Amino acid sequence: MGQLRTIEKASKGKIHRKSIPTVAEAMESKQQMASEKIIQLIEEGHHSQFKQTASELLDQYDSVALVSVALKLLTKEQTDAAIQLTVEAPLPSKKPERKARRNYNENKGFAGRSRKGKRG
């Protein structure tokens with residue numbers, strides 16, 4: 001039984017398949033959440049420490065541009081980064097070391113037995 005079916009059985013409900021949102025829909029949702037966060041912080045009054053800097057920025061820049069940049073920062077919009085491919089092979093990844101077994105004695109083997117399988 002698949003994991004979704006197990007969850008449906010346990011919750012006694014049906015999970016309906018939905019389509020994946022488009023990039024535009026995802027960005028719109030992120031922007032909406034960022035806007036709501038800004039409004040929440042304004043209403044809670046958690047912005048007094050930034051008033052001086054905000055005032056200075058408003059003297060220098062357009063308010064719409066400032067809010068746009070703030071939304072961009074809050075939504076963590078990813079920008080295209082330049083990638084340069086090289087002919088060198090990537091470095092090998094390090095595999096985590098395995099822990100030694102509990103009852104292993106280097107001279108006697110596992111659980112006190114000698115290497116020949118006899119008790120020693």
# chains A, B, ... in the order shown; residues from 1 in each chain; ligands from 1
$ residues_around --residues "segment 64-79 of chain A" --least-positions-apart "2" --cutoff "12 Å" --atoms "only C-alpha atoms" --output "tab-separated table (two decimals) with N, CA and C atoms, in the first residue's frame"
chain	number	residue	atom	x	y	z
A	23	VAL	N	5.33	28.95	-11.92
A	23	VAL	CA	6.32	29.83	-11.29
A	23	VAL	C	5.65	31.15	-10.92
A	24	ALA	N	4.80	31.67	-11.82
A	24	ALA	CA	4.11	32.94	-11.56
A	24	ALA	C	3.19	32.82	-10.34
A	26	ALA	N	3.52	30.70	-7.84
A	26	ALA	CA	4.36	30.55	-6.65
A	26	ALA	C	4.90	31.90	-6.21
A	27	MET	N	5.36	32.71	-7.16
A	27	MET	CA	5.88	34.04	-6.83
A	27	MET	C	4.78	34.93	-6.27
A	28	GLU	N	3.59	34.85	-6.85
A	28	GLU	CA	2.46	35.65	-6.37
A	28	GLU	C	2.13	35.28	-4.92
A	29	SER	N	2.17	33.98	-4.62
A	29	SER	CA	1.89	33.52	-3.27
A	29	SER	C	2.96	34.01	-2.29
A	30	LYS	N	4.23	33.93	-2.71
A	30	LYS	CA	5.32	34.41	-1.85
A	30	LYS	C	5.19	35.91	-1.59
A	31	GLN	N	4.84	36.66	-2.63
A	31	GLN	CA	4.67	38.10	-2.47
A	31	GLN	C	3.51	38.42	-1.54
A	32	GLN	N	2.44	37.67	-1.65
A	32	GLN	CA	1.27	37.88	-0.78
A	32	GLN	C	1.65	37.61	0.68
A	33	MET	N	2.39	36.53	0.92
A	33	MET	CA	2.81	36.22	2.29
A	33	MET	C	3.75	37.30	2.83
A	34	ALA	N	4.65	37.81	1.98
A	34	ALA	CA	5.57	38.87	2.41
A	34	ALA	C	4.80	40.14	2.73
A	35	SER	N	3.80	40.46	1.91
A	35	SER	CA	2.96	41.64	2.18
A	35	SER	C	2.23	41.51	3.51
A	36	GLU	N	1.69	40.33	3.75
A	36	GLU	CA	0.98	40.09	5.01
A	36	GLU	C	1.93	40.20	6.20
A	37	LYS	N	3.17	39.74	6.04
A	37	LYS	CA	4.16	39.83	7.11
A	37	LYS	C	4.50	41.28	7.40
A	38	ILE	N	4.66	42.09	6.34
A	38	ILE	CA	4.94	43.52	6.53
A	38	ILE	C	3.80	44.20	7.28
A	39	ILE	N	2.58	43.92	6.86
A	39	ILE	CA	1.41	44.52	7.51
A	39	ILE	C	1.33	44.09	8.97
A	53	THR	N	16.49	54.84	9.55
A	53	THR	CA	17.04	54.38	8.28
A	53	THR	C	15.99	54.46	7.19
A	54	ALA	N	14.76	54.09	7.51
A	54	ALA	CA	13.67	54.15	6.53
A	54	ALA	C	13.43	55.59	6.08
A	55	SER	N	13.47	56.50	7.02
A	55	SER	CA	13.28	57.91	6.69
A	55	SER	C	14.38	58.43	5.77
A	56	GLU	N	15.60	58.03	6.04
A	56	GLU	CA	16.73	58.43	5.19
A	56	GLU	C	16.59	57.84	3.78
A	57	LEU	N	16.17	56.59	3.70
A	57	LEU	CA	15.97	55.96	2.40
A	57	LEU	C	14.85	56.63	1.63
A	58	LEU	N	13.78	57.00	2.34
A	58	LEU	CA	12.65	57.67	1.68
A	58	LEU	C	13.04	59.05	1.15
A	59	ASP	N	14.00	59.69	1.79
A	59	ASP	CA	14.49	60.99	1.30
A	59	ASP	C	15.26	60.82	-0.01
A	60	GLN	N	15.87	59.65	-0.18
A	60	GLN	CA	16.73	59.42	-1.35
A	60	GLN	C	16.04	58.67	-2.49
A	61	TYR	N	15.06	57.80	-2.16
A	61	TYR	CA	14.48	56.93	-3.17
A	61	TYR	C	12.96	56.98	-3.13
A	62	ASP	N	12.36	56.51	-4.22
A	62	ASP	CA	10.92	56.42	-4.35
A	62	ASP	C	10.38	55.35	-3.40
A	81	ALA	N	22.35	33.16	-11.62
A	81	ALA	CA	23.78	33.26	-11.30
A	81	ALA	C	24.58	32.73	-12.48
A	82	ALA	N	25.66	33.41	-12.79
A	82	ALA	CA	26.52	32.96	-13.88
A	82	ALA	C	27.26	31.71	-13.44
